[in-house]
Structures are given as structure tokens and as C-alpha cells.
$ cat target.txt   # compact mmCIF, C-alpha atoms
# COMPACT_ATOMS: atom_id res chain seq x y z
CA MET O 15 0.00 0.00 0.00
CA THR O 16 1.46 3.36 -1.07
CA LEU O 17 1.07 6.07 1.60
CA TYR O 18 2.98 8.86 -0.17
CA GLU O 19 4.60 9.20 -3.57
CA GLY O 20 7.15 11.91 -4.31
CA PRO O 21 9.80 12.64 -6.93
CA ILE O 22 12.73 10.81 -5.28
CA PHE O 23 11.08 8.20 -3.03
CA ARG O 24 7.73 6.80 -2.00
CA VAL O 25 6.41 5.58 1.34
CA GLU O 26 4.77 2.14 1.51
CA ARG O 27 3.32 0.14 4.38
CA ARG O 28 4.77 -3.38 4.52
CA ASP O 29 4.05 -5.86 7.34
CA GLY O 30 2.63 -2.95 9.34
CA ARG O 31 5.78 -0.82 9.00
CA ASP O 32 6.32 2.40 7.06
CA VAL O 33 9.07 1.91 4.48
CA VAL O 34 10.79 4.57 2.35
CA VAL O 35 11.20 2.92 -1.07
CA HIS O 36 14.27 4.48 -2.68
CA ALA O 37 16.29 3.80 -5.84
CA PRO O 38 19.62 2.04 -5.33
CA VAL O 39 22.74 4.20 -5.42
CA ALA O 40 26.21 3.78 -6.92
CA ALA O 41 29.16 5.56 -5.29
CA VAL O 42 32.85 5.73 -6.20
CA VAL O 43 36.12 6.07 -4.28
CA ALA O 44 37.79 7.91 -7.17
CA VAL O 45 41.58 8.16 -7.47
CA ASP O 46 42.96 9.92 -10.54
CA LEU O 47 46.22 9.38 -12.46
CA ASP O 48 47.95 11.96 -10.23
CA GLY O 49 47.09 9.87 -7.16
CA GLN O 50 44.52 12.41 -5.95
CA LEU O 51 41.32 11.34 -4.22
CA ASN O 52 38.35 13.14 -5.82
CA LEU O 53 35.39 14.01 -3.61
CA VAL O 54 32.45 16.36 -4.19
CA ARG O 55 31.15 19.01 -1.85
CA GLN O 56 27.44 19.70 -2.10
CA ARG O 57 24.70 21.30 -0.09
CA ARG O 58 22.32 18.76 1.43
CA VAL O 59 18.93 20.26 2.22
CA PRO O 60 17.81 17.49 4.64
CA VAL O 61 20.71 18.15 7.02
CA ASP O 62 21.10 21.88 6.21
CA ALA O 63 24.83 21.51 5.62
CA SER O 64 27.44 21.25 2.91
CA LEU O 65 28.99 17.77 2.98
CA LEU O 66 32.12 16.27 1.50
CA GLU O 67 31.09 13.03 -0.20
CA LEU O 68 32.03 10.35 -2.68
CA PRO O 69 30.68 11.03 -6.19
CA ALA O 70 27.40 9.09 -6.28
CA GLY O 71 23.94 8.92 -7.78
CA PHE O 72 20.85 6.84 -8.47
CA ILE O 73 21.08 3.66 -10.51
CA HIS O 74 18.57 4.13 -13.32
CA ASP O 75 16.21 1.41 -14.53
CA GLY O 76 18.01 -0.91 -16.95
CA GLU O 77 21.44 0.25 -15.80
CA SER O 78 23.89 -1.98 -13.92
CA PRO O 79 25.42 -0.61 -10.70
CA LEU O 80 28.82 -0.34 -12.42
CA GLU O 81 27.35 1.51 -15.43
CA ALA O 82 25.65 3.94 -13.06
CA ALA O 83 28.86 4.46 -11.09
CA ARG O 84 30.83 5.27 -14.27
CA ARG O 85 28.10 7.61 -15.57
CA GLU O 86 27.66 9.48 -12.29
CA LEU O 87 31.42 9.86 -11.80
CA ALA O 88 31.83 11.29 -15.32
CA GLU O 89 28.85 13.66 -14.91
CA GLU O 90 29.88 14.96 -11.51
CA THR O 91 33.67 15.17 -11.96
CA GLY O 92 34.58 14.51 -15.61
CA LEU O 93 36.74 11.55 -14.50
CA HIS O 94 36.67 8.52 -16.81
CA GLY O 95 38.62 5.40 -17.81
CA GLY O 96 40.74 3.79 -15.11
CA GLU O 97 40.50 0.42 -13.39
CA TRP O 98 37.39 -0.48 -11.43
CA ALA O 99 36.73 -2.89 -8.57
CA GLU O 100 33.67 -3.46 -6.38
CA LEU O 101 34.35 -2.68 -2.70
CA THR O 102 31.08 -3.64 -0.99
CA THR O 103 27.34 -3.05 -0.97
CA PHE O 104 25.35 -1.96 2.09
CA PHE O 105 22.00 -0.65 3.30
CA THR O 106 22.06 2.96 4.53
CA SER O 107 19.37 2.55 7.22
CA ALA O 108 17.54 -0.76 7.02
CA GLY O 109 15.11 0.11 9.83
CA PHE O 110 13.09 2.42 7.58
CA THR O 111 14.38 2.37 3.98
CA ASP O 112 15.42 -0.18 1.34
CA GLU O 113 18.11 2.17 -0.02
CA ARG O 114 21.21 0.18 -0.95
CA VAL O 115 24.59 1.60 -1.96
CA HIS O 116 26.96 -0.18 -4.37
CA LEU O 117 30.47 1.04 -3.63
CA TYR O 118 33.34 0.96 -6.15
CA LEU O 119 37.03 1.79 -6.15
CA ALA O 120 38.30 3.39 -9.37
CA THR O 121 42.00 4.14 -9.81
CA GLY O 122 44.10 5.60 -12.63
CA LEU O 123 41.20 7.86 -13.70
CA HIS O 124 41.63 10.40 -16.50
CA ARG O 125 40.42 13.96 -16.02
CA GLY O 126 37.77 15.49 -18.29
CA GLU O 127 34.87 17.91 -18.38
CA ALA O 128 32.10 17.53 -15.78
CA THR O 129 28.45 17.75 -16.91
CA PRO O 130 26.40 18.01 -13.70
CA ASP O 131 22.59 18.07 -13.73
CA ASP O 132 21.05 21.53 -13.50
CA ASP O 133 19.77 20.80 -10.00
CA GLU O 134 23.16 19.68 -8.71
CA GLU O 135 25.50 22.27 -7.25
CA LEU O 136 28.72 20.38 -6.91
CA GLU O 137 32.27 21.41 -6.21
CA VAL O 138 35.00 18.86 -6.85
CA ALA O 139 37.61 18.66 -4.09
CA ARG O 140 40.91 16.80 -4.56
CA PHE O 141 43.09 15.41 -1.78
CA PRO O 142 46.50 13.72 -1.88
CA PHE O 143 46.11 10.00 -1.39
CA ALA O 144 48.36 10.15 1.68
CA ASP O 145 45.89 12.49 3.44
CA VAL O 146 42.99 10.01 3.39
CA ALA O 147 43.57 8.81 6.98
CA HIS O 148 43.31 12.37 8.33
CA LEU O 149 40.43 13.28 6.03
CA ILE O 150 38.25 10.57 7.60
CA ASP O 151 37.86 12.74 10.73
CA GLU O 152 36.15 15.45 8.64
CA ILE O 153 33.60 13.16 6.97
CA SER O 154 30.02 12.95 8.23
CA ASP O 155 28.43 11.09 5.31
CA ALA O 156 28.01 7.33 5.86
CA LYS O 157 28.92 6.03 2.36
CA THR O 158 32.00 8.28 2.30
CA LEU O 159 33.16 7.10 5.73
CA ILE O 160 32.80 3.48 4.60
CA GLY O 161 34.63 4.07 1.32
CA LEU O 162 37.55 5.93 2.89
CA LEU O 163 37.87 3.51 5.83
CA LEU O 164 38.03 0.58 3.37
CA LEU O 165 40.59 2.43 1.25
CA ALA O 166 42.73 3.26 4.30
CA ARG O 167 42.54 -0.36 5.46
CA ASP O 168 43.35 -1.95 2.11
CA ARG O 169 46.21 0.45 1.29
CA HIS O 170 47.52 0.52 4.86
CA LEU O 171 47.19 4.33 5.04
CA MET S 6 5.03 21.66 4.97
CA THR S 7 4.26 18.12 6.16
CA LEU S 8 3.42 15.73 3.31
CA TYR S 9 3.09 12.53 5.31
CA GLU S 10 3.22 11.71 9.01
CA GLY S 11 3.74 8.16 10.24
CA PRO S 12 4.76 6.44 13.47
CA ILE S 13 8.54 6.44 12.92
CA PHE S 14 9.16 9.33 10.52
CA ARG S 15 7.41 12.11 8.65
CA VAL S 16 7.94 13.56 5.17
CA GLU S 17 8.34 17.32 4.81
CA ARG S 18 8.99 19.54 1.80
CA ARG S 19 11.97 21.86 2.40
CA ASP S 20 13.44 24.13 -0.31
CA GLY S 21 11.46 22.16 -2.89
CA ARG S 22 12.86 18.79 -1.78
CA ASP S 23 11.14 15.88 -0.03
CA VAL S 24 12.87 15.17 3.28
CA VAL S 25 12.32 12.19 5.61
CA VAL S 26 12.45 13.70 9.12
CA HIS S 27 13.72 10.97 11.44
CA ALA S 28 14.75 10.83 15.11
CA PRO S 29 18.50 10.65 15.76
CA VAL S 30 19.95 7.26 16.60
CA ALA S 31 22.54 6.04 19.09
CA ALA S 32 24.58 2.90 18.28
CA VAL S 33 27.23 1.02 20.24
CA VAL S 34 30.30 -1.04 19.37
CA ALA S 35 29.91 -3.23 22.46
CA VAL S 36 32.80 -5.28 23.85
CA ASP S 37 32.14 -7.25 27.05
CA LEU S 38 34.49 -8.23 29.90
CA ASP S 39 35.31 -11.49 28.09
CA GLY S 40 36.55 -9.50 25.08
CA GLN S 41 33.56 -10.53 22.94
CA LEU S 42 31.98 -8.17 20.44
CA ASN S 43 28.20 -8.15 20.93
CA LEU S 44 26.01 -7.62 17.86
CA VAL S 45 22.28 -8.16 17.36
CA ARG S 46 20.61 -10.00 14.52
CA GLN S 47 17.17 -8.75 13.60
CA ARG S 48 14.72 -8.96 10.74
CA ARG S 49 14.48 -5.71 8.77
CA VAL S 50 11.21 -5.41 6.89
CA PRO S 51 12.38 -2.66 4.48
CA VAL S 52 15.13 -4.85 3.03
CA ASP S 53 13.38 -8.21 3.63
CA ALA S 54 16.44 -9.67 5.32
CA SER S 55 17.89 -10.50 8.71
CA LEU S 56 20.89 -8.25 9.38
CA LEU S 57 23.75 -8.38 11.84
CA GLU S 58 23.99 -4.92 13.41
CA LEU S 59 25.34 -2.86 16.27
CA PRO S 60 22.86 -2.51 19.15
CA ALA S 61 21.09 0.80 18.41
CA GLY S 62 17.90 2.78 18.82
CA PHE S 63 16.20 6.15 18.72
CA ILE S 64 17.33 8.95 20.99
CA HIS S 65 14.21 10.01 22.89
CA ASP S 66 13.26 13.63 23.56
CA GLY S 67 15.17 14.95 26.57
CA GLU S 68 17.75 12.17 26.41
CA SER S 69 21.41 12.73 25.53
CA PRO S 70 22.94 10.54 22.81
CA LEU S 71 25.07 8.77 25.43
CA GLU S 72 22.07 8.13 27.70
CA ALA S 73 20.18 6.66 24.75
CA ALA S 74 23.14 4.48 23.79
CA ARG S 75 23.41 3.07 27.34
CA ARG S 76 19.64 2.48 27.58
CA GLU S 77 19.34 0.82 24.17
CA LEU S 78 22.36 -1.41 24.80
CA ALA S 79 20.95 -2.56 28.15
CA GLU S 80 17.47 -3.17 26.68
CA GLU S 81 18.69 -5.09 23.64
CA THR S 82 21.54 -7.10 25.18
CA GLY S 83 21.52 -6.67 28.98
CA LEU S 84 25.07 -5.27 28.81
CA HIS S 85 25.82 -2.43 31.25
CA GLY S 86 28.64 -0.60 33.02
CA GLY S 87 31.98 -0.47 31.22
CA GLU S 88 33.96 2.43 29.79
CA TRP S 89 32.44 4.59 27.10
CA ALA S 90 33.94 6.78 24.34
CA GLU S 91 32.36 8.60 21.39
CA LEU S 92 33.63 7.30 18.05
CA THR S 93 31.95 9.61 15.52
CA THR S 94 28.61 10.93 14.32
CA PHE S 95 27.36 10.71 10.74
CA PHE S 96 24.34 11.11 8.47
CA THR S 97 22.97 7.86 7.03
CA SER S 98 21.79 9.32 3.70
CA ALA S 99 21.87 13.12 3.61
CA GLY S 100 20.28 13.33 0.15
CA PHE S 101 16.82 12.49 1.49
CA THR S 102 16.84 12.21 5.30
CA ASP S 103 18.15 14.10 8.34
CA GLU S 104 18.77 10.86 10.24
CA ARG S 105 22.01 11.12 12.22
CA VAL S 106 23.78 8.32 14.07
CA HIS S 107 25.86 8.89 17.22
CA LEU S 108 28.35 6.06 17.47
CA TYR S 109 29.99 4.91 20.73
CA LEU S 110 32.59 2.37 21.76
CA ALA S 111 31.89 0.63 25.06
CA THR S 112 34.42 -1.82 26.53
CA GLY S 113 34.57 -3.90 29.71
CA LEU S 114 30.77 -4.33 29.68
CA HIS S 115 29.05 -6.53 32.27
CA ARG S 116 26.43 -9.05 31.17
CA GLY S 117 22.85 -8.88 32.43
CA GLU S 118 19.25 -9.53 31.44
CA ALA S 119 17.95 -8.05 28.17
CA THR S 120 14.53 -6.36 28.15
CA PRO S 121 13.68 -5.85 24.47
CA ASP S 122 10.52 -4.03 23.35
CA ASP S 123 7.63 -6.29 22.41
CA ASP S 124 7.98 -5.31 18.75
CA GLU S 125 11.70 -6.11 18.64
CA GLU S 126 12.76 -9.63 17.74
CA LEU S 127 16.44 -9.58 18.49
CA GLU S 128 19.04 -12.29 18.82
CA VAL S 129 22.34 -11.36 20.45
CA ALA S 130 25.39 -12.71 18.60
CA ARG S 131 28.86 -12.68 20.19
CA PHE S 132 32.15 -12.78 18.32
CA PRO S 133 35.73 -12.99 19.57
CA PHE S 134 37.41 -9.62 19.29
CA ALA S 135 40.09 -11.12 17.02
CA ASP S 136 37.43 -12.06 14.42
CA VAL S 137 36.29 -8.47 13.79
CA ALA S 138 38.41 -8.01 10.65
CA HIS S 139 36.84 -11.08 9.00
CA LEU S 140 33.36 -10.26 10.26
CA ILE S 141 33.38 -6.97 8.33
CA ASP S 142 32.92 -8.89 5.07
CA GLU S 143 29.57 -10.23 6.32
CA ILE S 144 28.11 -6.87 7.33
CA SER S 145 25.67 -5.02 5.08
CA ASP S 146 24.42 -2.37 7.53
CA ALA S 147 26.09 1.04 7.20
CA LYS S 148 26.44 1.98 10.89
CA THR S 149 27.82 -1.47 11.69
CA LEU S 150 30.38 -1.29 8.87
CA ILE S 151 31.53 2.12 10.13
CA GLY S 152 31.75 0.97 13.75
CA LEU S 153 33.69 -2.20 12.98
CA LEU S 154 36.02 -0.50 10.48
CA LEU S 155 36.85 2.16 13.10
CA LEU S 156 37.41 -0.54 15.73
CA ALA S 157 39.67 -2.56 13.41
CA ARG S 158 41.64 0.58 12.54
CA ASP S 159 42.06 1.81 16.10
CA ARG S 160 42.97 -1.61 17.53
CA HIS S 161 45.09 -2.62 14.51
CA LEU S 162 43.00 -5.76 13.93
$ encode --input "target.txt" --output "C-alpha cells"
Amino acid sequence: MTLYEGPIFRVERRDGRDVVVHAPVAAVVAVDLDGQLNLVRQRRVPVDASLLELPAGFIHDGESPLEAARRELAEETGLHGGEWAELTTFFTSAGFTDERVHLYLATGLHRGEATPDDDEELEVARFPFADVAHLIDEISDAKTLIGLLLLARDRHL
Amino acid sequence: MTLYEGPIFRVERRDGRDVVVHAPVAAVVAVDLDGQLNLVRQRRVPVDASLLELPAGFIHDGESPLEAARRELAEETGLHGGEWAELTTFFTSAGFTDERVHLYLATGLHRGEATPDDDEELEVARFPFADVAHLIDEISDAKTLIGLLLLARDRHL
């Protein structure tokens, strides 16, 4: 039973519980050919703050998670090419939403021209790979914390 | 403007965007006196799966995050006492919800009797501290990934 339907999610009642039904998301830990970690800073209305996050976006119907990750990364930052590996997938808050994030690591990325959506106000921020361990303390976005903690663990940063 | 109001969240329109307004959450990386990590397994209707998670729950009005963390841990697992430290706070999915998680590390916890809510079907699962690094691969809940990755980093597991 649908209780509310909006442009980016709908609310359904399932087994007596309210559930926010949300498209799955692809997100990328993006390291370019210069060894820089590429994040995006964007204003997030729900939390009334500007957050530093992994490039990410909805997986469209008919698109694989990896295709969505490559498309979103190119749109938001212009980065393309490189080598890709899946890091993990997780649920953002399984108590009330089915939203799932597919997380990738992309390295050796080539720079290019970003083509953000009109409704996205993004600023790309680059950080030396060696600074990732310190950067973690400044992150308050869940997917970005997970991506950078996995990167720091796997690269012994 | 409120678009939908339900028992565990409401939907508001802010700056032209739909926002799920959700109570803040307190979650605990809980290590008992025997050096066991205590997680809870519970069925999550939104994702139609049983997930292994940190003990966690809503922060009630008038309660501090730490008070909520201690109360929820005792209710869900019976664990109490111990030494407490704040690990981090983060937003679960800042694109559509204001939900924020306050994450604590509690060590040297004493065992006791759990008193779960009637609507909570929880099973406590204990893991040797040394197994945390492997356990991370089996976790698909964001707050639990963050908590265990921080623990593994800080304790060099």
C-alpha cells in the first residue's frame, strides 16, 4: 500500500511498518592518475549543511550498478577510464528504507569535463592519497566514511 | 510543509525537496568483559532480510545521545557498566533524510538480562574480538560497517 509518492522516493506500508522505497545508489572512491582522491562538496537540504562526499547517484532502470557508477562519476567530476573494482554493498538505514549503496574503487582515472545536472550544485575537491587517513575525521556522510575507511585499510594508510 | 506523518518518521517539503524527518539514533560497538563483540541479529522489513547490526535505537526527547546508547544497549543485550567513548557521528543518507547516528565504543561491559521491546525480535550474537576483521565482510548495515572498520583501525585488527 502506497502512503505517499514523491519525486525521489515513495512511502509504503509493509508488514505494518512504514518503508521509504528508494532507488539504489552507486558511489565511487575515485583516485585519478595523479594519485589524488576526488570528492564532491554539495549542499544537502535534509541536514542543512554542505557535505564532503564520494561522487554518487541513483542507478537508473536498466542500468547496472557499475554503469551507473561510471556515468555518475563522469557527470559529476569529468573523470573517466581507469581500473574499477567493487568494494562492498550496504543498506544505509535498514530500519526504515530499502536504499542500498553499491560502492566501487576506481584508480588511474583520466580527467575530463564535468556535466552536472542543472539541480546539482557540486564542487569537486581533490586530496592527496596520503591524506585520506586524516580526512576521515572530517567526513560525516556514511557512504564516504565506509569508502575511505576501506581504502585506508586496504592500502595501509 | 508536512506531506506525510507516520509512526517512525514524517515527510516534509523543504526548499522544494522531499525530506524524511527521522529521530537521531545512538549505536554502540559493544565489547564485554570477556573480550567478545556483541552484535544483534534482527529482521528488517524494508530490506526483507535479517541483518547483523550494532545494538542501536532512537534517541528520545530529553535524552542525551550517550544516555540513549546506554539504555538501548541494556534493553537489547543486557550489557551495562563499562567504559564509554564517542567514536563519531554521521548522516545515514543526507540526500533524502536528516537521520544522524551517534556512534559509541563501550568496553569492559558486564552481562545482564535483556529487556527488548515487544515489537523487537532480536538475537544477540557474540564474536571474539580477534574475528572483527573477518566479520566486516559479512556486514551489510552502514552503521555497523563504520563501527567495525573504526574498531579494526584503532585496535590494529
$ atom_distance --input "target.txt" --atom1 "CA of Leu65 (chain O)" --atom2 "CA of Trp89 (chain S)"
27.7 Å
$ calpha_fit_and_write --input "target.txt" --fixed "chain S" --moving "chain O" --output "CSV table (one decimal) with C-alpha atoms, in the frame of the given file"
chain,number,residue,atom,x,y,z
O,15,MET,CA,5.0,21.7,5.0
O,16,THR,CA,4.3,18.1,6.2
O,17,LEU,CA,3.4,15.7,3.3
O,18,TYR,CA,3.1,12.5,5.3
O,19,GLU,CA,3.2,11.7,9.0
O,20,GLY,CA,3.7,8.2,10.3
O,21,PRO,CA,4.8,6.4,13.5
O,22,ILE,CA,8.6,6.4,12.9
O,23,PHE,CA,9.2,9.3,10.5
O,24,ARG,CA,7.4,12.1,8.7
O,25,VAL,CA,7.9,13.6,5.2
O,26,GLU,CA,8.3,17.3,4.8
O,27,ARG,CA,9.0,19.5,1.8
O,28,ARG,CA,12.0,21.9,2.4
O,29,ASP,CA,13.4,24.1,-0.3
O,30,GLY,CA,11.4,22.2,-2.9
O,31,ARG,CA,12.9,18.8,-1.8
O,32,ASP,CA,11.1,15.9,0.0
O,33,VAL,CA,12.9,15.2,3.3
O,34,VAL,CA,12.3,12.2,5.6
O,35,VAL,CA,12.4,13.7,9.1
O,36,HIS,CA,13.7,11.0,11.4
O,37,ALA,CA,14.8,10.8,15.1
O,38,PRO,CA,18.5,10.7,15.8
O,39,VAL,CA,20.0,7.3,16.6
O,40,ALA,CA,22.5,6.0,19.1
O,41,ALA,CA,24.6,2.9,18.3
O,42,VAL,CA,27.2,1.0,20.2
O,43,VAL,CA,30.3,-1.0,19.4
O,44,ALA,CA,29.9,-3.2,22.5
O,45,VAL,CA,32.8,-5.3,23.9
O,46,ASP,CA,32.1,-7.2,27.0
O,47,LEU,CA,34.5,-8.2,29.9
O,48,ASP,CA,35.3,-11.5,28.1
O,49,GLY,CA,36.5,-9.5,25.1
O,50,GLN,CA,33.6,-10.5,22.9
O,51,LEU,CA,32.0,-8.2,20.4
O,52,ASN,CA,28.2,-8.1,20.9
O,53,LEU,CA,26.0,-7.6,17.9
O,54,VAL,CA,22.3,-8.2,17.3
O,55,ARG,CA,20.6,-10.0,14.5
O,56,GLN,CA,17.2,-8.8,13.6
O,57,ARG,CA,14.7,-9.0,10.7
O,58,ARG,CA,14.5,-5.7,8.8
O,59,VAL,CA,11.2,-5.4,6.9
O,60,PRO,CA,12.4,-2.7,4.5
O,61,VAL,CA,15.1,-4.8,3.0
O,62,ASP,CA,13.4,-8.2,3.6
O,63,ALA,CA,16.4,-9.7,5.3
O,64,SER,CA,17.9,-10.5,8.7
O,65,LEU,CA,20.9,-8.3,9.4
O,66,LEU,CA,23.7,-8.4,11.8
O,67,GLU,CA,24.0,-4.9,13.4
O,68,LEU,CA,25.3,-2.9,16.3
O,69,PRO,CA,22.9,-2.5,19.2
O,70,ALA,CA,21.1,0.8,18.4
O,71,GLY,CA,17.9,2.8,18.8
O,72,PHE,CA,16.2,6.1,18.7
O,73,ILE,CA,17.3,9.0,21.0
O,74,HIS,CA,14.2,10.0,22.9
O,75,ASP,CA,13.3,13.6,23.5
O,76,GLY,CA,15.2,15.0,26.6
O,77,GLU,CA,17.7,12.2,26.4
O,78,SER,CA,21.4,12.7,25.5
O,79,PRO,CA,22.9,10.5,22.8
O,80,LEU,CA,25.1,8.8,25.4
O,81,GLU,CA,22.1,8.1,27.7
O,82,ALA,CA,20.2,6.7,24.8
O,83,ALA,CA,23.1,4.5,23.8
O,84,ARG,CA,23.4,3.1,27.3
O,85,ARG,CA,19.6,2.5,27.6
O,86,GLU,CA,19.3,0.8,24.2
O,87,LEU,CA,22.4,-1.4,24.8
O,88,ALA,CA,20.9,-2.6,28.2
O,89,GLU,CA,17.5,-3.2,26.7
O,90,GLU,CA,18.7,-5.1,23.7
O,91,THR,CA,21.5,-7.1,25.2
O,92,GLY,CA,21.5,-6.7,29.0
O,93,LEU,CA,25.1,-5.3,28.8
O,94,HIS,CA,25.8,-2.4,31.2
O,95,GLY,CA,28.6,-0.6,33.0
O,96,GLY,CA,32.0,-0.5,31.2
O,97,GLU,CA,34.0,2.4,29.8
O,98,TRP,CA,32.4,4.6,27.1
O,99,ALA,CA,33.9,6.8,24.3
O,100,GLU,CA,32.4,8.6,21.4
O,101,LEU,CA,33.6,7.3,18.0
O,102,THR,CA,32.0,9.6,15.5
O,103,THR,CA,28.6,10.9,14.3
O,104,PHE,CA,27.4,10.7,10.7
O,105,PHE,CA,24.3,11.1,8.5
O,106,THR,CA,23.0,7.9,7.0
O,107,SER,CA,21.8,9.3,3.7
O,108,ALA,CA,21.9,13.1,3.6
O,109,GLY,CA,20.3,13.3,0.1
O,110,PHE,CA,16.8,12.5,1.5
O,111,THR,CA,16.8,12.2,5.3
O,112,ASP,CA,18.1,14.1,8.3
O,113,GLU,CA,18.8,10.9,10.2
O,114,ARG,CA,22.0,11.1,12.2
O,115,VAL,CA,23.8,8.3,14.1
O,116,HIS,CA,25.9,8.9,17.2
O,117,LEU,CA,28.4,6.0,17.5
O,118,TYR,CA,30.0,4.9,20.7
O,119,LEU,CA,32.6,2.4,21.8
O,120,ALA,CA,31.9,0.6,25.1
O,121,THR,CA,34.4,-1.8,26.5
O,122,GLY,CA,34.6,-3.9,29.7
O,123,LEU,CA,30.8,-4.3,29.7
O,124,HIS,CA,29.0,-6.5,32.3
O,125,ARG,CA,26.4,-9.0,31.2
O,126,GLY,CA,22.8,-8.9,32.4
O,127,GLU,CA,19.2,-9.5,31.4
O,128,ALA,CA,17.9,-8.1,28.2
O,129,THR,CA,14.5,-6.4,28.1
O,130,PRO,CA,13.7,-5.8,24.5
O,131,ASP,CA,10.5,-4.0,23.3
O,132,ASP,CA,7.6,-6.3,22.4
O,133,ASP,CA,8.0,-5.3,18.7
O,134,GLU,CA,11.7,-6.1,18.6
O,135,GLU,CA,12.8,-9.6,17.7
O,136,LEU,CA,16.4,-9.6,18.5
O,137,GLU,CA,19.0,-12.3,18.8
O,138,VAL,CA,22.3,-11.4,20.4
O,139,ALA,CA,25.4,-12.7,18.6
O,140,ARG,CA,28.9,-12.7,20.2
O,141,PHE,CA,32.2,-12.8,18.3
O,142,PRO,CA,35.7,-13.0,19.6
O,143,PHE,CA,37.4,-9.6,19.3
O,144,ALA,CA,40.1,-11.1,17.0
O,145,ASP,CA,37.4,-12.0,14.4
O,146,VAL,CA,36.3,-8.5,13.8
O,147,ALA,CA,38.4,-8.0,10.7
O,148,HIS,CA,36.9,-11.1,9.0
O,149,LEU,CA,33.4,-10.3,10.3
O,150,ILE,CA,33.4,-7.0,8.3
O,151,ASP,CA,32.9,-8.9,5.1
O,152,GLU,CA,29.6,-10.2,6.3
O,153,ILE,CA,28.1,-6.9,7.3
O,154,SER,CA,25.7,-5.0,5.1
O,155,ASP,CA,24.4,-2.4,7.5
O,156,ALA,CA,26.1,1.0,7.2
O,157,LYS,CA,26.4,2.0,10.9
O,158,THR,CA,27.8,-1.5,11.7
O,159,LEU,CA,30.4,-1.3,8.9
O,160,ILE,CA,31.5,2.1,10.1
O,161,GLY,CA,31.8,1.0,13.8
O,162,LEU,CA,33.7,-2.2,13.0
O,163,LEU,CA,36.0,-0.5,10.5
O,164,LEU,CA,36.9,2.2,13.1
O,165,LEU,CA,37.4,-0.5,15.7
O,166,ALA,CA,39.7,-2.6,13.4
O,167,ARG,CA,41.6,0.6,12.5
O,168,ASP,CA,42.1,1.8,16.1
O,169,ARG,CA,43.0,-1.6,17.5
O,170,HIS,CA,45.1,-2.6,14.5
O,171,LEU,CA,43.0,-5.7,13.9
$ closest_atom_pairs --input "target.txt" --of "chain S" --to "chain O" --cutoff "8 Å" --atoms "only C-alpha atoms" --output "Markdown table"
| residue | atom | partner | partner_atom | distance |
| --- | --- | --- | --- | --- |
| S:Leu8 | CA | O:Tyr18 | CA | 7.7 |
| S:Tyr9 | CA | O:Tyr18 | CA | 6.6 |
| S:Gly11 | CA | O:Asp32 | CA | 7.1 |
| S:Pro12 | CA | O:Asp32 | CA | 7.7 |
| S:Ile13 | CA | O:Asp32 | CA | 7.5 |
| S:Arg19 | CA | O:Val59 | CA | 7.1 |
| S:Asp20 | CA | O:Val59 | CA | 7.2 |
| S:Arg22 | CA | O:Val59 | CA | 7.4 |
| S:Asp23 | CA | O:Gly20 | CA | 7.1 |
| S:Val24 | CA | O:Pro60 | CA | 5.6 |
| S:Val25 | CA | O:Pro60 | CA | 7.7 |
| S:Val26 | CA | O:Pro60 | CA | 7.9 |
| S:Arg49 | CA | O:Gly109 | CA | 5.9 |
| S:Val50 | CA | O:Arg28 | CA | 7.2 |
| S:Pro51 | CA | O:Asp112 | CA | 5.0 |
| S:Val52 | CA | O:Asp112 | CA | 5.0 |
| S:Thr94 | CA | O:Ser154 | CA | 6.6 |
| S:Phe95 | CA | O:Ser154 | CA | 4.3 |
| S:Phe96 | CA | O:Asp155 | CA | 5.2 |
| S:Thr97 | CA | O:Ala156 | CA | 5.2 |
| S:Ser98 | CA | O:Thr106 | CA | 6.4 |
| S:Ala99 | CA | O:Pro60 | CA | 6.1 |
| S:Gly100 | CA | O:Arg58 | CA | 5.9 |
| S:Phe101 | CA | O:Pro60 | CA | 6.0 |
| S:Thr102 | CA | O:Pro60 | CA | 5.4 |
| S:Asp103 | CA | O:Val61 | CA | 5.0 |
| S:Ile144 | CA | O:Phe104 | CA | 7.7 |
| S:Ser145 | CA | O:Phe104 | CA | 4.3 |
| S:Asp146 | CA | O:Phe105 | CA | 5.2 |
| S:Ala147 | CA | O:Thr106 | CA | 5.2 |
| S:Lys148 | CA | O:Ala156 | CA | 7.5 |
| S:Leu150 | CA | O:Ile160 | CA | 6.8 |
| S:Ile151 | CA | O:Ile160 | CA | 5.8 |
| S:Leu154 | CA | O:Leu163 | CA | 6.4 |
| S:Leu155 | CA | O:Leu163 | CA | 7.5 |
| S:Arg158 | CA | O:Arg167 | CA | 7.2 |
$ residues_near_point --input "target.txt" --point "(29.5, -7.9, 33.0)" --cutoff "10 Å" --atoms "all atoms listed in the file" --output "list in words"
Asp37, Leu38, Asp39, Gly83, Leu84, His85, Gly86, Gly87, Gly113, Leu114, His115, Arg116 and Gly117 of chain S
$ atom_distance --input "target.txt" --atom1 "CA of Val43 (chain O)" --atom2 "CA of Leu117 (chain O)"
7.6 Å
$ closest_residue --input "target.txt" --among "O:Leu51, O:Leu136, O:Ala128, O:Leu101" --to "Ala88 (chain O)" --atoms "all atoms listed in the file"
O:Ala128
$ atom_distance --input "target.txt" --atom1 "CA of Leu165 (chain O)" --atom2 "CA of Phe143 (chain O)"
9.7 Å
$ closest_residue --input "target.txt" --among "O:Leu119, O:Ala99, O:Ile73, O:Val42" --to "Leu87 (chain O)" --atoms "all atoms listed in the file"
O:Val42
$ closest_residue --input "target.txt" --among "S:Asp159, S:Glu126, S:Glu118, S:Glu68" --to "Thr82 (chain S)" --atoms "all atoms listed in the file"
S:Glu118
